[in-house]
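In what follows, a structure is listed as structure tokens, so that the remarks can point back to it.
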Amino acid sequence: MPLRIEDTFRSALEGQKGEAGRPLAGMWVCSGSPLIAELCAGSGLDWLLVDAEHSPNGLESILAQLQAIHGYPVHVLVRPPVNDTVVIKQYLDLGVQNLLVPMVNSVAEAEAAVAATRYPPHGVRGVGSALARAARWNRVPDYLTRASETVSVTVQIESTAAVEAVEDILKVDGVDAIFVGPSDLAASMGLLGQQEHPEVRAAVEHCLAAAKAAGKPAGVNAFNPDTAQHYLANGAAFILVGADVALLARGSEALAAEYIKPPDGDTPASY
């Protein structure tokens with residue numbers, strides 16, 4: 001039975017020029033839980049980022065989350081822990097269609113990320129479609145010849161080296177978008193934990209401007225609402241504005257603060 005594969009995140013970003021006409025808002029999904037992933041998928045947000053770089057996600061949990069999210073009107077990106085050909089091959093075979101590749105610092109690293117998503121002669125992706133969910137076990141017609149059409153590649157700009165090379169990275173064929181990570185960028189600038197520092201914001205804005213000049217979308221991570229609005233006003237095409245684990249942490253802390261009051265004169269217990 002012929003099956004249709006979902007549109008990519010690239011298509012959603014291209015749609016901003018048409019009906020959507022606005023930046024796309026998303027959130028991190030870091031818990032490793034298919035239930036939480038499904039809950040977030042039905043939130044009304046445009047996209048989710050399932051993270052495997054800083055979260056307890058392996059192949060099995062990523063597969064379960066893809067299955068839980070499937071059918072909801074939301075795009076899902078997955079971030080591997082490293083820009084590695086074998087890891088990317090495994091993610092693609094699972095059915096990951098949209099990759100956010102971390103720590104891309106040069107043209108060569110961007111080219112390697114793209115090559116990992118392409119079958120020869122255009123890349124180095126290993127051929128295993130008969131065994132893979134990506135091709136629905138060879139139920140998707142002409143998958144091998146059309147596979148690159150079913151995948152989008154976004155690379156992360158999160159170091160001073162990447163910022164310096166961003167114009168050239170944007171020229172790499174197959175890089176559909178860039179995504180700026182202010183936390184690691186701040187650290188690489190000697191400003192650890194200072195994502196709001198003027199120099200960091202200026203570097204982010206430089207990347208947004210470079211992407212606009214290149215005609216490619218750029219996104220950014222910004223949990224602070226004022227910062228998020230600032231980057232949107234400066235041309236961000238997509239943005240991450242929260243995370244499942246952060247929302248649960250802050251929400252549970254608010255409950256404790258509201259309902260657990262220390263006796264007069266006492267300080268709260270420290271755990």
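So you can find residues: chains in the structure tokens are A, B, ... in the order shown, residues in each start at 1, and ligands are numbered from 1 in order.
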Legend entry - Residues of segment 49-261 of chain A in strand (DSSP E or B), written as number ranges by chain: A: 49-51, 75-79, 98-101, 152-157, 177-180, 218-221, 238-243
With 9 Å as the cut-off and only C-alpha atoms counted, what is the closest atom pair between each nearby residue of segment 111-177 of chain A and segment 78-101 of chain A? Distances in Å to one decimal, ordered by chain and number, as a tab-separated table.
residue	atom	partner	partner_atom	distance
A:Ala112	CA	A:Thr85	CA	7.7
A:Ala113	CA	A:Asn83	CA	6.3
A:Ala115	CA	A:Thr85	CA	8.1
A:Ala116	CA	A:Thr85	CA	5.0
A:Thr117	CA	A:Lys89	CA	7.0
A:Val124	CA	A:Thr85	CA	7.7
A:Arg125	CA	A:Lys89	CA	6.0
A:Gly126	CA	A:Lys89	CA	6.7
A:Val127	CA	A:Lys89	CA	9.0
A:Gly128	CA	A:Asp93	CA	7.6
A:Ser129	CA	A:Asp93	CA	7.2
A:Leu131	CA	A:Asp93	CA	8.1
A:Ala132	CA	A:Asp93	CA	5.0
A:Arg133	CA	A:Leu94	CA	5.3
A:Ala134	CA	A:Gly95	CA	3.9
A:Ala135	CA	A:Gly95	CA	7.7
A:Arg136	CA	A:Gly95	CA	8.4
A:Thr150	CA	A:Gln97	CA	6.1
A:Val151	CA	A:Gln97	CA	4.6
A:Ser152	CA	A:Asn98	CA	4.8
A:Val153	CA	A:Leu99	CA	5.2
A:Thr154	CA	A:Leu100	CA	4.8
A:Val155	CA	A:Val101	CA	4.8
A:Gln156	CA	A:Val101	CA	5.9
Inset, instruction - List the neighbours of Tyr231 of chain A out to 9 Å using only C-alpha atoms; skip same-chain residues closer than 6 positions along the sequence, and give me the result as a PyMOL selection string. - result: chain A and resi 201+204-205+208+219-220+222+239
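Of the listed residues A:Ile5, A:Cys30, A:Leu240, A:Ile260, the one whose atoms come nearest to His54 of chain A is A:Cys30, with distances taken using only C-alpha atoms.
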Distance query segment 40-48 of chain A at most 6 Å, only C-alpha atoms, self and fewer than 6 positions along chain excluded, as a PDB file with N, CA, C and O atoms, in the first residue's frame:
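What landed in part.pdb:
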ATOM      1  N   LEU A  24       7.743  30.672  13.489  1.00  0.00           N
ATOM      2  CA  LEU A  24       7.228  29.430  14.053  1.00  0.00           C
ATOM      3  C   LEU A  24       7.743  29.265  15.481  1.00  0.00           C
ATOM      4  O   LEU A  24       8.943  29.362  15.735  1.00  0.00           O
ATOM      5  N   ALA A  25       6.826  29.014  16.408  1.00  0.00           N
ATOM      6  CA  ALA A  25       7.161  28.899  17.828  1.00  0.00           C
ATOM      7  C   ALA A  25       7.181  27.437  18.243  1.00  0.00           C
ATOM      8  O   ALA A  25       6.275  26.671  17.909  1.00  0.00           O
ATOM      9  N   GLY A  26       8.206  27.060  19.000  1.00  0.00           N
ATOM     10  CA  GLY A  26       8.322  25.676  19.439  1.00  0.00           C
ATOM     11  C   GLY A  26       8.861  25.558  20.845  1.00  0.00           C
ATOM     12  O   GLY A  26       9.153  26.552  21.522  1.00  0.00           O
ATOM     13  N   MET A  27       9.008  24.304  21.297  1.00  0.00           N
ATOM     14  CA  MET A  27       9.527  24.034  22.626  1.00  0.00           C
ATOM     15  C   MET A  27      10.382  22.775  22.607  1.00  0.00           C
ATOM     16  O   MET A  27      10.261  21.928  21.716  1.00  0.00           O
ATOM     17  N   TRP A  28      11.247  22.663  23.601  1.00  0.00           N
ATOM     18  CA  TRP A  28      12.076  21.486  23.796  1.00  0.00           C
ATOM     19  C   TRP A  28      11.247  20.360  24.410  1.00  0.00           C
ATOM     20  O   TRP A  28      10.386  20.607  25.264  1.00  0.00           O
ATOM     21  N   ILE A  69       4.000  11.305  18.703  1.00  0.00           N
ATOM     22  CA  ILE A  69       3.729  12.610  18.104  1.00  0.00           C
ATOM     23  C   ILE A  69       3.038  12.476  16.763  1.00  0.00           C
ATOM     24  O   ILE A  69       2.275  13.358  16.343  1.00  0.00           O
ATOM     25  N   VAL A  74       1.993  19.037  14.125  1.00  0.00           N
ATOM     26  CA  VAL A  74       3.181  19.695  14.649  1.00  0.00           C
ATOM     27  C   VAL A  74       4.401  19.090  13.965  1.00  0.00           C
ATOM     28  O   VAL A  74       4.428  17.895  13.665  1.00  0.00           O
ATOM     29  N   HIS A  75       5.397  19.926  13.691  1.00  0.00           N
ATOM     30  CA  HIS A  75       6.646  19.429  13.124  1.00  0.00           C
ATOM     31  C   HIS A  75       7.579  19.044  14.271  1.00  0.00           C
ATOM     32  O   HIS A  75       7.635  19.729  15.297  1.00  0.00           O
ATOM     33  N   VAL A  76       8.319  17.955  14.087  1.00  0.00           N
ATOM     34  CA  VAL A  76       9.249  17.511  15.111  1.00  0.00           C
ATOM     35  C   VAL A  76      10.661  17.478  14.550  1.00  0.00           C
ATOM     36  O   VAL A  76      10.909  16.917  13.491  1.00  0.00           O
TER      37      VAL A  76
END
Legend entry - Long-range neighbours of Asn57 of chain A as a list of chain:residue names, 9 Å cut-off, only C-alpha atoms, 3 positions minimum in chain: A:Cys30, A:Ser31, A:Gly32, A:Ser33, A:Val50, A:Asp51, A:Ala52, A:Glu53, A:His54, A:Glu60, A:Ser61, A:Ile62
Inset, instruction - Please give the complete set of residues from segment 59-191 of chain A that DSSP, run on the backbone, assigns to alpha helix (DSSP H), formatted as an MDAnalysis selection string. - result: chainID A and resid 59:69 85:94 107:115 143:146 160:170 182:188
Inset, instruction - Grab the atom CA of Ala214 of chain A to atom CA of Phe238 of chain A distance for me, in Å with one decimal place. - result: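 According to the coordinates, atom CA of Ala214 of chain A and atom CA of Phe238 of chain A are separated by 16.1 Å.
We find atom CA of Leu232 of chain A and atom CA of Leu39 of chain A to be spaced 26.0 Å apart.
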Legend entry - Near-Asp184 of chain A list (9 Å; only C-alpha atoms; drop same-chain fewer than 2 positions) as JSON, numbers by chain: {"A": [103, 158, 159, 181, 182, 186, 187, 188, 189, 192, 193, 195]}
Atoms to include: N, CA and C atoms. Write the selected residues as a compact mmCIF listing (two decimals), in the first residue's frame.
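The result, stored in part.txt:
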# COMPACT_ATOMS: atom_id res chain seq x y z
N MET A 103 26.71 21.95 17.30
CA MET A 103 28.13 22.28 17.26
C MET A 103 28.72 22.21 15.85
N GLU A 158 26.81 27.84 17.50
CA GLU A 158 26.88 28.02 18.95
C GLU A 158 28.32 28.16 19.45
N SER A 159 29.17 28.81 18.62
CA SER A 159 30.54 29.11 19.03
C SER A 159 31.01 30.33 18.27
N GLY A 181 22.44 28.93 19.22
CA GLY A 181 22.35 28.54 20.62
C GLY A 181 23.10 29.52 21.51
N PRO A 182 22.43 30.49 22.12
CA PRO A 182 23.12 31.52 22.89
C PRO A 182 23.88 31.00 24.11
N ALA A 186 27.65 31.96 24.36
CA ALA A 186 28.15 32.80 25.46
C ALA A 186 29.36 32.16 26.12
N ALA A 187 29.31 30.85 26.34
CA ALA A 187 30.45 30.16 26.96
C ALA A 187 31.70 30.28 26.11
N SER A 188 31.53 30.13 24.79
CA SER A 188 32.70 30.20 23.91
C SER A 188 33.27 31.61 23.84
N MET A 189 32.48 32.60 24.23
CA MET A 189 32.93 33.99 24.25
C MET A 189 33.50 34.39 25.61
N LEU A 192 30.21 32.65 30.21
CA LEU A 192 29.41 31.51 30.64
C LEU A 192 28.21 31.95 31.47
N GLY A 193 27.01 31.49 31.05
CA GLY A 193 25.79 31.82 31.78
C GLY A 193 25.25 33.21 31.53
N GLN A 195 23.76 34.67 28.67
CA GLN A 195 23.13 34.68 27.34
C GLN A 195 22.59 36.05 26.95
Inset, instruction - Can you pull out every residue within 12 Å of Ala236 of chain A, counting only C-alpha atoms, but drop anything in the same chain fewer than 6 positions away, and send it as a PyMOL selection string? - result: chain A and resi 13+16+22-25+177-180+204-212+216-222+227-230
Write the residues of the selection above to a file with C-alpha atoms, as a PDB file, in the first residue's frame.
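Once written, selection_7.pdb looks like this:
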ATOM      1  CA  LEU A  13       9.643  27.461   6.914  1.00  0.00           C
ATOM      2  CA  GLN A  16       6.079  31.458   6.069  1.00  0.00           C
ATOM      3  CA  ARG A  22       4.782  34.434  10.766  1.00  0.00           C
ATOM      4  CA  PRO A  23       7.661  32.965  12.763  1.00  0.00           C
ATOM      5  CA  LEU A  24       7.228  29.430  14.053  1.00  0.00           C
ATOM      6  CA  ALA A  25       7.161  28.899  17.828  1.00  0.00           C
ATOM      7  CA  ALA A 177      18.397  26.643   8.089  1.00  0.00           C
ATOM      8  CA  ILE A 178      20.623  27.662  10.971  1.00  0.00           C
ATOM      9  CA  PHE A 179      19.752  27.739  14.657  1.00  0.00           C
ATOM     10  CA  VAL A 180      21.683  29.879  17.124  1.00  0.00           C
ATOM     11  CA  VAL A 204      23.041  36.356  17.516  1.00  0.00           C
ATOM     12  CA  GLU A 205      21.833  39.368  15.573  1.00  0.00           C
ATOM     13  CA  HIS A 206      24.815  39.040  13.216  1.00  0.00           C
ATOM     14  CA  CYS A 207      23.747  35.467  12.428  1.00  0.00           C
ATOM     15  CA  LEU A 208      20.130  36.489  11.885  1.00  0.00           C
ATOM     16  CA  ALA A 209      21.238  39.209   9.477  1.00  0.00           C
ATOM     17  CA  ALA A 210      23.567  36.826   7.630  1.00  0.00           C
ATOM     18  CA  ALA A 211      20.750  34.327   7.173  1.00  0.00           C
ATOM     19  CA  LYS A 212      18.415  36.999   5.865  1.00  0.00           C
ATOM     20  CA  LYS A 216      17.736  31.114   4.453  1.00  0.00           C
ATOM     21  CA  PRO A 217      15.770  30.907   7.710  1.00  0.00           C
ATOM     22  CA  ALA A 218      17.451  31.343  11.077  1.00  0.00           C
ATOM     23  CA  GLY A 219      16.140  30.354  14.481  1.00  0.00           C
ATOM     24  CA  VAL A 220      17.227  30.953  18.058  1.00  0.00           C
ATOM     25  CA  ASN A 221      16.699  29.642  21.562  1.00  0.00           C
ATOM     26  CA  ALA A 222      15.192  32.261  23.894  1.00  0.00           C
ATOM     27  CA  THR A 227      14.612  38.422  24.430  1.00  0.00           C
ATOM     28  CA  ALA A 228      12.437  36.191  22.281  1.00  0.00           C
ATOM     29  CA  GLN A 229      10.471  39.175  21.030  1.00  0.00           C
ATOM     30  CA  HIS A 230      13.702  41.057  20.373  1.00  0.00           C
TER      31      HIS A 230
END
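If you measure from each of A:Gly58, A:Pro262, A:Pro102, A:Pro73 to Ile157 of chain A using only C-alpha atoms, the closest one turns out to be A:Pro102.
Taking atom CA of Glu38 of chain A and atom CA of Gln65 of chain A as the two end points, the separation is 7.4 Å.
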